[in-house]
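Visitor: Following this line is target06.txt, made up of compact mmCIF, C-alpha atoms:
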```
# COMPACT_ATOMS: atom_id res chain seq x y z
CA MET A 959 139.01 -0.76 -1.77
CA THR A 960 135.35 -0.98 -2.69
CA ASP A 961 132.53 0.28 -0.56
CA ALA A 962 130.43 -2.35 1.11
CA PRO A 963 126.90 -2.29 -0.33
CA THR A 964 124.56 -0.23 1.83
CA ARG A 965 122.23 -2.50 3.74
CA ARG A 966 118.58 -1.69 3.41
CA PRO A 967 116.63 -1.22 6.64
CA GLU A 968 115.12 -4.43 8.05
CA PRO A 969 111.78 -5.56 6.56
CA ALA A 970 109.86 -4.61 9.72
CA GLN A 971 111.22 -1.05 9.41
CA ARG A 972 110.54 -0.92 5.66
CA THR A 973 106.98 -2.15 6.24
CA GLU A 974 106.37 0.60 8.79
CA ALA A 975 107.91 3.14 6.41
CA LEU A 976 105.77 2.07 3.45
CA GLU A 977 102.64 2.14 5.59
CA SER A 978 103.51 5.64 6.79
CA LEU A 979 104.02 6.85 3.20
CA LEU A 980 100.78 5.31 1.93
CA VAL A 981 98.77 6.66 4.86
CA GLU A 982 100.27 10.10 4.25
CA ARG A 983 99.14 9.94 0.61
CA GLY A 984 95.68 8.77 1.64
CA LEU A 985 96.13 5.47 -0.21
CA ILE A 986 95.59 3.10 2.66
CA ASP A 987 93.55 2.96 5.85
CA PRO A 988 95.28 1.14 8.73
CA ALA A 989 91.90 0.08 10.13
CA VAL A 990 91.08 -1.70 6.86
CA MET A 991 94.50 -3.39 7.00
CA ASP A 992 93.82 -4.56 10.56
CA LYS A 993 90.51 -6.08 9.52
CA PHE A 994 92.11 -7.79 6.54
CA ILE A 995 94.91 -9.28 8.65
CA LYS A 996 92.42 -10.50 11.26
CA THR A 997 90.37 -12.24 8.57
CA TYR A 998 93.34 -14.38 7.52
CA GLU A 999 94.52 -14.93 11.09
CA GLN A 1000 91.15 -15.99 12.47
CA ASP A 1001 88.54 -16.82 9.84
CA VAL A 1002 90.09 -18.18 6.64
CA GLY A 1003 92.20 -21.23 7.32
CA PRO A 1004 92.47 -25.00 6.87
CA LEU A 1005 89.44 -25.61 9.09
CA ASN A 1006 87.36 -24.56 6.06
CA GLY A 1007 88.93 -27.26 3.91
CA ALA A 1008 88.58 -29.80 6.72
CA LYS A 1009 84.82 -29.19 6.82
CA VAL A 1010 84.61 -29.76 3.06
CA VAL A 1011 86.62 -33.00 3.33
CA ALA A 1012 84.56 -34.32 6.24
CA ALA A 1013 81.37 -33.60 4.29
CA ALA A 1014 82.72 -35.51 1.29
CA TRP A 1015 83.61 -38.45 3.55
CA THR A 1016 80.11 -38.69 5.00
CA ASP A 1017 77.85 -37.63 2.11
CA PRO A 1018 78.40 -39.48 -1.20
CA GLU A 1019 76.24 -37.03 -3.14
CA TYR A 1020 78.25 -34.09 -1.84
CA LYS A 1021 81.46 -35.87 -2.75
CA GLU A 1022 80.19 -36.36 -6.29
CA ARG A 1023 79.39 -32.64 -6.60
CA LEU A 1024 82.76 -31.71 -5.08
CA LEU A 1025 84.73 -33.79 -7.56
CA ALA A 1026 82.64 -32.62 -10.53
CA GLU A 1027 82.41 -28.88 -9.73
CA GLY A 1028 84.74 -28.06 -6.87
CA THR A 1029 84.19 -24.30 -6.78
CA ALA A 1030 80.38 -24.59 -6.59
CA ALA A 1031 80.40 -27.40 -4.02
CA ILE A 1032 82.82 -25.46 -1.80
CA LYS A 1033 80.60 -22.38 -2.17
CA GLU A 1034 77.78 -24.38 -0.49
CA PHE A 1035 79.71 -23.77 2.74
CA GLY A 1036 80.04 -20.07 1.92
CA PHE A 1037 83.76 -20.46 1.17
CA GLY A 1038 85.01 -18.40 -1.78
CA GLY A 1039 86.87 -15.20 -2.59
CA PRO A 1040 90.47 -14.37 -3.49
CA GLN A 1041 92.51 -17.29 -4.86
CA GLY A 1042 89.41 -19.45 -5.16
CA GLU A 1043 87.97 -18.54 -8.56
CA HIS A 1044 88.21 -22.08 -9.91
CA ILE A 1045 88.96 -24.89 -7.46
CA VAL A 1046 89.56 -28.45 -8.65
CA VAL A 1047 89.45 -31.28 -6.11
CA LEU A 1048 91.83 -34.24 -6.49
CA GLU A 1049 90.81 -37.49 -4.80
CA GLN A 1050 93.46 -39.66 -3.15
CA THR A 1051 92.81 -43.36 -3.80
CA ASP A 1052 94.42 -46.72 -3.10
CA ASP A 1053 96.20 -46.38 -6.45
CA VAL A 1054 97.02 -42.69 -6.82
CA HIS A 1055 98.64 -40.08 -4.56
CA HIS A 1056 98.27 -36.41 -5.54
CA VAL A 1057 100.53 -33.59 -4.38
CA VAL A 1058 100.21 -29.88 -5.22
CA VAL A 1059 102.84 -27.16 -5.73
CA CYS A 1060 103.26 -23.76 -7.38
CA THR A 1061 106.74 -23.56 -8.91
CA LEU A 1062 106.39 -19.99 -10.25
CA CYS A 1063 105.17 -18.29 -7.07
CA SER A 1064 103.24 -19.87 -4.20
CA CYS A 1065 99.65 -20.03 -5.46
CA TYR A 1066 97.40 -21.77 -2.95
CA PRO A 1067 93.61 -22.18 -2.47
CA TRP A 1068 93.13 -19.49 0.19
CA PRO A 1069 89.34 -19.90 0.73
CA VAL A 1070 89.75 -23.51 1.89
CA LEU A 1071 93.31 -23.61 3.29
CA GLY A 1072 94.12 -20.02 4.28
CA LEU A 1073 97.56 -18.62 3.57
CA PRO A 1074 100.32 -21.05 2.60
CA PRO A 1075 102.67 -22.49 5.26
CA SER A 1076 106.41 -21.84 5.12
CA TRP A 1077 107.36 -25.25 3.67
CA TYR A 1078 105.05 -24.64 0.68
CA LYS A 1079 106.72 -21.28 -0.08
CA ASP A 1080 110.22 -22.66 0.42
CA PRO A 1081 112.42 -22.87 -2.72
CA ALA A 1082 113.38 -26.47 -1.91
CA TYR A 1083 109.75 -27.61 -2.14
CA ARG A 1084 108.93 -25.48 -5.20
CA ALA A 1085 112.04 -26.60 -7.09
CA ARG A 1086 112.19 -30.26 -6.14
CA VAL A 1087 108.68 -31.69 -5.79
CA VAL A 1088 108.29 -31.51 -9.60
CA ARG A 1089 111.54 -33.41 -10.05
CA GLU A 1090 111.76 -35.99 -7.26
CA PRO A 1091 108.40 -36.02 -5.44
CA ARG A 1092 108.89 -39.37 -3.71
CA LYS A 1093 112.16 -38.24 -2.21
CA VAL A 1094 110.77 -34.85 -1.18
CA LEU A 1095 107.72 -36.45 0.45
CA HIS A 1096 110.02 -38.84 2.31
CA GLU A 1097 112.02 -35.88 3.66
CA MET A 1098 108.74 -34.34 4.81
CA GLY A 1099 107.75 -37.50 6.66
CA LEU A 1100 105.53 -39.29 4.14
CA ASP A 1101 106.52 -42.56 2.49
CA VAL A 1102 104.20 -43.22 -0.43
CA PRO A 1103 103.85 -46.98 -1.06
CA ALA A 1104 105.95 -48.06 -4.04
CA ASP A 1105 102.90 -49.42 -5.91
CA LYS A 1106 101.03 -46.11 -5.70
CA LYS A 1107 101.27 -43.74 -8.68
CA ILE A 1108 102.30 -40.19 -7.87
CA GLU A 1109 100.66 -37.26 -9.65
CA VAL A 1110 102.14 -33.78 -9.10
CA TRP A 1111 100.05 -30.67 -9.90
CA ASP A 1112 101.87 -27.39 -10.60
CA SER A 1113 99.30 -24.57 -10.17
CA SER A 1114 100.60 -22.20 -12.81
CA SER A 1115 97.25 -20.56 -13.70
CA GLU A 1116 94.27 -19.35 -11.63
CA VAL A 1117 93.10 -22.96 -11.16
CA ARG A 1118 93.60 -23.96 -7.53
CA TYR A 1119 93.82 -27.55 -6.32
CA LEU A 1120 92.48 -29.08 -3.10
CA VAL A 1121 93.40 -32.67 -2.25
CA LEU A 1122 90.64 -34.89 -0.85
CA PRO A 1123 92.52 -37.26 1.49
CA GLN A 1124 91.47 -40.85 2.13
CA ARG A 1125 89.27 -41.38 5.16
CA PRO A 1126 91.30 -43.08 7.86
CA ALA A 1127 90.48 -46.53 9.23
CA GLY A 1128 88.73 -46.75 12.58
CA THR A 1129 86.25 -43.97 11.89
CA ASP A 1130 83.21 -46.04 10.85
CA GLY A 1131 80.04 -44.35 11.95
CA TRP A 1132 81.71 -41.04 12.79
CA ASP A 1133 79.80 -37.98 11.64
CA ALA A 1134 81.29 -34.99 9.81
CA GLU A 1135 81.68 -32.97 12.98
CA ALA A 1136 83.75 -35.72 14.61
CA LEU A 1137 85.86 -36.24 11.47
CA THR A 1138 86.68 -32.56 10.82
CA PRO A 1139 89.43 -32.20 13.48
CA LEU A 1140 91.29 -35.20 12.01
CA VAL A 1141 91.85 -33.46 8.65
CA THR A 1142 95.16 -31.58 8.41
CA ARG A 1143 96.33 -28.84 6.09
CA ASP A 1144 99.26 -30.97 4.98
CA ALA A 1145 96.94 -33.83 3.93
CA MET A 1146 94.89 -31.39 1.84
CA VAL A 1147 98.02 -30.42 -0.13
CA GLY A 1148 99.19 -34.03 -0.41
CA VAL A 1149 102.35 -34.03 1.71
CA ALA A 1150 100.71 -36.10 4.46
CA VAL A 1151 97.86 -38.54 4.92
CA VAL A 1152 95.12 -38.32 7.54
CA ALA A 1153 96.18 -40.54 10.42
CA ALA A 1154 93.81 -42.98 12.07
CA PRO A 1155 92.53 -41.64 15.39
CA MET B 433 117.40 -16.55 -18.92
CA ASP B 434 114.61 -17.75 -16.68
CA PRO B 435 113.95 -15.55 -13.66
CA LEU B 436 114.81 -16.91 -10.24
CA ALA B 437 111.07 -17.16 -9.52
CA ASP B 438 110.79 -19.90 -12.17
CA MET B 439 112.14 -22.49 -9.75
CA GLY B 440 110.81 -25.83 -11.00
CA GLY B 441 113.62 -28.39 -11.18
CA SER B 442 116.41 -25.98 -10.20
CA PRO B 443 119.21 -27.53 -8.08
CA GLY B 444 120.91 -26.45 -4.90
CA TRP B 445 118.08 -25.69 -2.47
CA GLY B 446 118.78 -28.42 0.07
CA PRO B 447 116.24 -30.63 1.85
CA ALA B 448 112.52 -29.84 2.04
CA LYS B 449 111.28 -28.31 5.30
CA VAL B 450 109.41 -30.64 7.61
CA PRO B 451 105.89 -29.26 8.21
CA THR B 452 104.96 -28.14 11.70
CA PRO B 453 101.31 -28.31 12.75
CA ASP B 454 99.53 -25.07 13.63
CA GLU B 455 102.06 -22.77 12.00
CA PRO B 456 100.53 -19.26 12.22
CA PRO B 457 99.87 -17.40 8.93
CA PHE B 458 102.36 -14.67 9.89
CA SER B 459 105.47 -15.40 11.92
CA GLU B 460 106.00 -11.71 12.73
CA PRO B 461 103.57 -8.75 12.76
CA TRP B 462 105.29 -6.99 9.84
CA GLU B 463 104.48 -9.97 7.61
CA GLY B 464 100.75 -9.48 8.13
CA ARG B 465 101.05 -5.74 7.50
CA SER B 466 103.05 -6.31 4.30
CA PHE B 467 100.48 -8.85 3.15
CA ALA B 468 97.55 -6.49 3.73
CA MET B 469 99.35 -3.49 2.27
CA THR B 470 100.29 -5.33 -0.89
CA ILE B 471 96.78 -6.63 -1.51
CA LEU B 472 95.18 -3.30 -0.74
CA THR B 473 97.62 -1.16 -2.76
CA MET B 474 97.39 -3.46 -5.79
CA GLY B 475 93.84 -2.23 -6.33
CA ARG B 476 95.01 1.38 -6.16
CA ILE B 477 97.50 0.87 -8.94
CA SER B 478 96.03 -1.51 -11.37
CA GLY B 479 92.54 -2.74 -10.60
CA ARG B 480 93.90 -5.72 -8.67
CA ASN B 481 96.09 -6.92 -11.50
CA LEU B 482 97.47 -10.11 -9.95
CA ASP B 483 99.58 -10.78 -13.01
CA ALA B 484 101.28 -7.40 -12.69
CA PHE B 485 102.04 -8.24 -9.06
CA ARG B 486 103.50 -11.63 -9.99
CA TYR B 487 105.56 -9.97 -12.72
CA ALA B 488 106.88 -7.51 -10.14
CA LEU B 489 107.93 -10.51 -8.00
CA GLU B 490 109.73 -12.01 -11.01
CA ARG B 491 111.65 -8.78 -11.62
CA LEU B 492 113.15 -8.61 -8.12
CA ASP B 493 116.88 -9.18 -7.79
CA PRO B 494 117.85 -12.40 -5.96
CA VAL B 495 118.48 -10.66 -2.64
CA SER B 496 115.14 -8.84 -2.75
CA TYR B 497 113.44 -12.10 -3.71
CA LEU B 498 115.01 -14.39 -1.13
CA ALA B 499 116.52 -12.49 1.79
CA ASP B 500 113.37 -11.71 3.77
CA GLY B 501 111.20 -14.64 2.76
CA TYR B 502 107.74 -14.69 1.22
CA TYR B 503 106.30 -11.51 2.72
CA GLY B 504 109.65 -9.75 2.28
CA ARG B 505 109.32 -10.32 -1.45
CA TRP B 506 105.70 -9.15 -1.34
CA LEU B 507 106.85 -5.94 0.33
CA ASN B 508 109.57 -5.43 -2.27
CA ALA B 509 107.20 -6.16 -5.17
CA ALA B 510 104.63 -3.69 -3.79
CA GLU B 511 107.36 -1.06 -3.57
CA LEU B 512 108.45 -1.80 -7.15
CA MET B 513 104.87 -1.49 -8.44
CA LEU B 514 104.43 1.81 -6.59
CA GLN B 515 107.66 3.08 -8.18
CA ASP B 516 106.54 1.86 -11.64
CA SER B 517 103.39 3.94 -11.26
CA ASN B 518 105.39 6.90 -9.96
CA ILE B 519 103.40 6.87 -6.73
CA LEU B 520 106.63 6.63 -4.75
CA ALA B 521 110.10 7.88 -5.68
CA PRO B 522 112.98 5.36 -5.69
CA GLY B 523 114.55 5.32 -2.24
CA ALA B 524 111.46 6.79 -0.56
CA VAL B 525 110.82 3.72 1.62
CA ASP B 526 114.39 3.48 2.91
CA ALA B 527 114.55 7.22 3.55
CA ARG B 528 111.27 7.12 5.51
CA ALA B 529 112.51 4.11 7.49
CA ARG B 530 115.63 6.05 8.49
CA THR B 531 113.55 9.08 9.39
CA LEU B 532 111.35 6.93 11.61
CA ALA B 533 114.51 5.53 13.22
CA GLY B 534 115.51 9.09 14.15
CA ASP B 535 118.15 9.68 11.46
CA ASP B 536 118.37 13.09 9.84
CA VAL B 537 117.87 12.19 6.18
CA GLU B 538 116.35 14.06 3.29
CA GLU B 539 113.34 12.22 1.90
CA PRO B 540 112.59 12.41 -1.84
CA ALA B 541 109.49 14.40 -2.77
CA PHE B 542 106.37 12.52 -3.85
CA PRO B 543 106.41 12.40 -7.67
CA GLU B 544 103.43 13.02 -9.97
CA PRO B 545 101.67 9.62 -10.21
CA GLN B 546 101.51 7.99 -13.64
CA LYS B 547 99.22 5.03 -13.28
CA PRO B 548 98.70 2.76 -16.27
CA ASP B 549 95.73 3.79 -18.41
CA TYR B 550 94.11 0.40 -18.04
CA ALA B 551 91.08 -1.15 -16.42
CA PRO B 552 89.97 -4.77 -16.33
CA THR B 553 86.74 -5.55 -18.21
CA GLY B 554 85.37 -7.49 -15.24
CA PRO B 555 86.22 -8.88 -11.83
CA GLY B 556 88.70 -11.71 -11.33
CA SER B 557 90.94 -13.50 -13.80
CA LEU B 558 88.46 -15.74 -15.64
CA ARG B 559 86.57 -14.77 -18.80
CA GLU B 560 84.01 -16.40 -21.08
CA ILE B 561 85.51 -17.14 -24.49
CA ASP B 562 83.25 -17.23 -27.56
CA GLY B 563 85.05 -19.81 -29.66
CA PRO B 564 85.66 -23.47 -28.80
CA PRO B 565 88.91 -24.64 -27.18
CA ALA B 566 91.62 -25.66 -29.63
CA PHE B 567 92.46 -28.86 -27.72
CA ALA B 568 90.52 -31.60 -25.93
CA ALA B 569 91.42 -33.95 -23.11
CA GLY B 570 93.60 -36.73 -24.51
CA ASP B 571 95.22 -34.62 -27.24
CA ALA B 572 98.99 -34.98 -27.64
CA VAL B 573 100.67 -31.56 -27.49
CA ARG B 574 104.09 -30.00 -27.36
CA THR B 575 104.92 -26.79 -25.51
CA THR B 576 106.59 -23.96 -27.39
CA ASN B 577 110.35 -23.95 -27.33
CA THR B 578 111.06 -20.37 -28.27
CA PRO B 579 113.44 -18.52 -25.94
CA ARG B 580 111.70 -17.00 -22.97
CA PRO B 581 110.20 -13.64 -23.94
CA GLN B 582 111.58 -10.48 -22.35
CA GLY B 583 108.28 -9.81 -20.61
CA PRO B 584 106.05 -11.98 -18.43
CA SER B 585 105.27 -15.63 -19.23
CA LYS B 586 103.59 -18.43 -17.29
CA LEU B 587 105.26 -21.25 -19.19
CA PRO B 588 107.61 -22.77 -16.60
CA GLY B 589 111.10 -23.28 -18.02
CA TYR B 590 111.17 -26.95 -17.03
CA VAL B 591 108.28 -27.87 -19.37
CA ARG B 592 109.42 -25.79 -22.36
CA GLY B 593 109.60 -27.78 -25.60
CA ARG B 594 108.22 -30.97 -23.98
CA ARG B 595 105.60 -33.45 -25.14
CA GLY B 596 102.55 -34.10 -23.01
CA THR B 597 98.86 -35.01 -23.06
CA VAL B 598 95.97 -32.70 -22.29
CA THR B 599 94.47 -33.80 -18.95
CA ALA B 600 91.62 -31.26 -18.79
CA VAL B 601 90.30 -28.10 -20.42
CA ARG B 602 89.96 -25.22 -17.93
CA PRO B 603 88.02 -21.93 -18.16
CA GLY B 604 89.27 -18.94 -20.14
CA HIS B 605 91.87 -16.86 -18.30
CA LEU B 606 93.34 -13.41 -18.85
CA LEU B 607 96.66 -13.88 -20.65
CA PRO B 608 99.39 -12.88 -18.16
CA ASP B 609 101.88 -12.24 -20.99
CA THR B 610 99.97 -9.07 -21.94
CA HIS B 611 97.71 -8.43 -18.92
CA ALA B 612 100.66 -8.21 -16.51
CA VAL B 613 102.08 -5.30 -18.50
CA PHE B 614 98.70 -3.57 -19.01
CA GLN B 615 98.59 -4.40 -22.73
CA GLY B 616 95.30 -6.27 -22.94
CA GLU B 617 93.38 -9.13 -21.40
CA ASN B 618 93.52 -11.43 -24.48
CA PRO B 619 91.70 -14.26 -22.67
CA GLN B 620 92.68 -17.80 -23.63
CA TYR B 621 91.64 -21.26 -22.59
CA VAL B 622 93.95 -22.91 -20.10
CA TYR B 623 94.74 -26.61 -20.31
CA THR B 624 96.10 -28.90 -17.69
CA VAL B 625 98.77 -30.90 -19.48
CA GLY B 626 100.28 -34.11 -18.08
CA PHE B 627 103.91 -34.99 -18.75
CA PRO B 628 105.58 -38.29 -17.91
CA SER B 629 108.52 -37.58 -15.60
CA THR B 630 110.92 -39.18 -18.07
CA GLU B 631 109.96 -36.59 -20.73
CA LEU B 632 111.06 -33.86 -18.32
CA TRP B 633 113.99 -35.37 -16.47
CA GLY B 634 115.25 -38.32 -18.52
CA ASP B 635 115.04 -42.08 -18.27
CA ASP B 636 116.43 -42.27 -14.73
CA ALA B 637 113.68 -40.03 -13.29
CA GLU B 638 111.41 -41.21 -10.48
CA PRO B 639 108.24 -42.50 -12.17
CA PHE B 640 105.38 -39.99 -11.82
CA THR B 641 103.14 -37.71 -13.87
CA LEU B 642 103.52 -33.94 -13.71
CA HIS B 643 100.41 -31.86 -14.48
CA VAL B 644 100.77 -28.16 -15.18
CA ASP B 645 98.26 -25.49 -16.30
CA LEU B 646 99.23 -23.91 -19.61
CA PHE B 647 97.75 -21.21 -21.85
CA GLU B 648 96.56 -22.14 -25.33
CA SER B 649 99.26 -20.13 -27.12
CA TYR B 650 101.97 -22.12 -25.33
CA LEU B 651 100.80 -25.37 -26.96
CA ALA B 652 100.78 -27.03 -30.39
CA LYS B 653 99.09 -30.28 -31.32
CA ILE B 654 101.43 -33.08 -32.39
CA SER B 655 100.85 -36.33 -34.27
CA GLU B 656 100.66 -39.66 -32.45
CA LYS B 657 103.86 -40.57 -34.26
CA GLU B 658 105.68 -37.59 -32.82
CA ALA B 659 104.13 -38.20 -29.39
CA ASP B 660 105.42 -41.80 -29.35
CA ARG B 661 108.90 -41.07 -30.61
```
Output the file's structure in the form of structure tokens.
Guide:
Amino acid sequence: MTDAPTRRPEPAQRTEALESLLVERGLIDPAVMDKFIKTYEQDVGPLNGAKVVAAAWTDPEYKERLLAEGTAAIKEFGFGGPQGEHIVVLEQTDDVHHVVVCTLCSCYPWPVLGLPPSWYKDPAYRARVVREPRKVLHEMGLDVPADKKIEVWDSSSEVRYLVLPQRPAGTDGWDAEALTPLVTRDAMVGVAVVAAP
Amino acid sequence: MDPLADMGGSPGWGPAKVPTPDEPPFSEPWEGRSFAMTILTMGRISGRNLDAFRYALERLDPVSYLADGYYGRWLNAAELMLQDSNILAPGAVDARARTLAGDDVEEPAFPEPQKPDYAPTGPGSLREIDGPPAFAAGDAVRTTNTPRPQGPSKLPGYVRGRRGTVTAVRPGHLLPDTHAVFQGENPQYVYTVGFPSTELWGDDAEPFTLHVDLFESYLAKISEKEADR
């Protein structure tokens, strides 16, 4: 008879244990952790990216800057920091559909989209969207028209990609403020399109 | 063998998850605490060496990588890095968890830390490079096809030994192959390289183009003749 492998404590318990050890060694300050967590829960999220997209939809000169020098144009909004050293913006068109992945880990443009959602970190997405993107997008609820080319971007360096979705029909004359709430996280990764209001 | 983390093209994962709107960044409080702890301890060990952290993720066994999801693997990678630097003894986290749960266990003593003698030459992962890039947009290239090195590499297995075309030249980056193991920054240009899906997956593949960011030393220029073959 062999011994069953010893189960490690649950991750919540291990997290508490590690925090207790690091605090004891003076290596971490729980108040700094709290502030850090709050930043990513409340301040840095896909609303940032939505503001950038809405600006590009309403200001042709901004759109030109955004496509030419993504990092600098995004910085105009004050958005930058970790995982945003070099951001490249990919424009969806009538002919081309872009979709972004990180097969090696789960790299994601934090300053504009916040932390990645569970589907992006899931092995099925990471493994399959570089092999059968049309099928994967279909499973996720997006049918890309057969005559549209698909371009998949695997972010395997420090370059981060933000997708600029197509502006939906029925929004003529809307200003950036009105357009911002229409823009979804999923559309800015390329697994959805922005629906008409 | 490619590590589990190198997932591109691997079979057996089932259907993709359907996105849900307004998913919170952390599904449970411990995930947020693991996230913050990992980011904040990384600086203590290695001057925020992201490549060392990613290499720690790659070295996790499959259970440690998969069982507790994304922030579970962050937690495990942080623990591994703290053990590598002798800041924590092996088993210290589990012993402390059992102590906190009220068990009577003996915790290992804190060892004498041995942090790598290494500091980055500047903030972030991008560096100016003096010389010109070796390749330009439009160049036909082939990725190296040597067996995966023992240490870190950012050449995904599914594009190894494949022919593609340079899509764009990106800024100079620290080379993860050496930076992740504290053996030098060795900055190189990065290139986005586009591959037709058929070059990667055969003639029956869905038609699409796959772009991936690759370091200069992973690439060699090829002739038009070889590119067309």
Visitor: Name the residues in contact with Ser655 (chain B) at a cut-off of 10 Å, using all atoms listed in the file, excluding same-chain residues fewer than 6 positions from it; report them as a VMD selection string.
Guide: chain B and resid 571 to 574
Visitor: Mind dumping a table of every chain B residue within 7 Å of chain A, with the nearest atom pair and its distance in Å to one decimal, using all atoms listed in the file, sorted by chain and rising number, as a tab-separated table?
Guide:
```
residue	atom	partner	partner_atom	distance
B:Ala437	CA	A:Leu1062	CA	5.5
B:Asp438	CA	A:Leu1062	CA	4.8
B:Met439	CA	A:Ala1085	CA	4.9
B:Gly440	CA	A:Ala1085	CA	4.2
B:Gly441	CA	A:Ala1085	CA	4.7
B:Ser442	CA	A:Ala1085	CA	5.4
B:Trp445	CA	A:Ala1082	CA	4.8
B:Gly446	CA	A:Ala1082	CA	6.1
B:Pro447	CA	A:Ala1082	CA	6.3
B:Ala448	CA	A:Ala1082	CA	5.3
B:Lys449	CA	A:Trp1077	CA	5.2
B:Val450	CA	A:Met1098	CA	4.7
B:Pro451	CA	A:Trp1077	CA	6.2
B:Glu455	CA	A:Pro1075	CA	6.8
B:Pro457	CA	A:Leu1073	CA	6.0
B:Trp462	CA	A:Ala970	CA	5.2
B:Gly464	CA	A:Ile995	CA	5.9
B:Arg465	CA	A:Met991	CA	7.0
B:Ser466	CA	A:Thr973	CA	6.0
B:Ala468	CA	A:Met991	CA	5.4
B:Met469	CA	A:Met991	CA	6.8
B:Asp500	CA	A:Pro969	CA	6.9
B:Tyr502	CA	A:Lys1079	CA	6.8
B:Gly504	CA	A:Pro969	CA	6.4
B:Val525	CA	A:Leu976	CA	5.6
B:Asp526	CA	A:Pro967	CA	6.4
B:Arg528	CA	A:Ala975	CA	5.3
B:Ala529	CA	A:Ala975	CA	4.8
B:Lys586	CA	A:Ser1114	CA	6.6
B:Glu638	CA	A:Glu1090	CA	6.1
B:Phe640	CA	A:Ile1108	CA	5.0
B:Thr641	CA	A:Glu1109	CA	4.9
B:Leu642	CA	A:Val1110	CA	4.8
B:His643	CA	A:Trp1111	CA	4.7
B:Val644	CA	A:Asp1112	CA	4.8
B:Asp645	CA	A:Ser1114	CA	5.3
```
Visitor: Using only C-alpha atoms, find all polymer residues with an atom at most 8 Å away from the point (95.6, -43.8, 7.8); report them as JSON, numbers by chain.
Guide: {"A": [1124, 1125, 1126, 1127, 1151, 1152, 1153, 1154]}
Visitor: Can you tell me which residues surround Leu1071 (chain A) at a distance of at most 9 Å, considering only C-alpha atoms, apart from same-chain residues fewer than 4 positions away, and format the answer as a VMD selection string?
Guide: chain A and resid 1002 to 1008 1066 to 1067 1120 1143 1146 to 1147
Visitor: Set the distance at 6 Å and use all atoms listed in the file: which residues neighbour Val622 (chain B) once local chain neighbours fewer than 4 positions away are removed? I'd like the list as a list in words.
Guide: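 Near neighbours after the sequence-gap exclusion: Arg602, Leu646, Phe647 and Glu648 of chain B.
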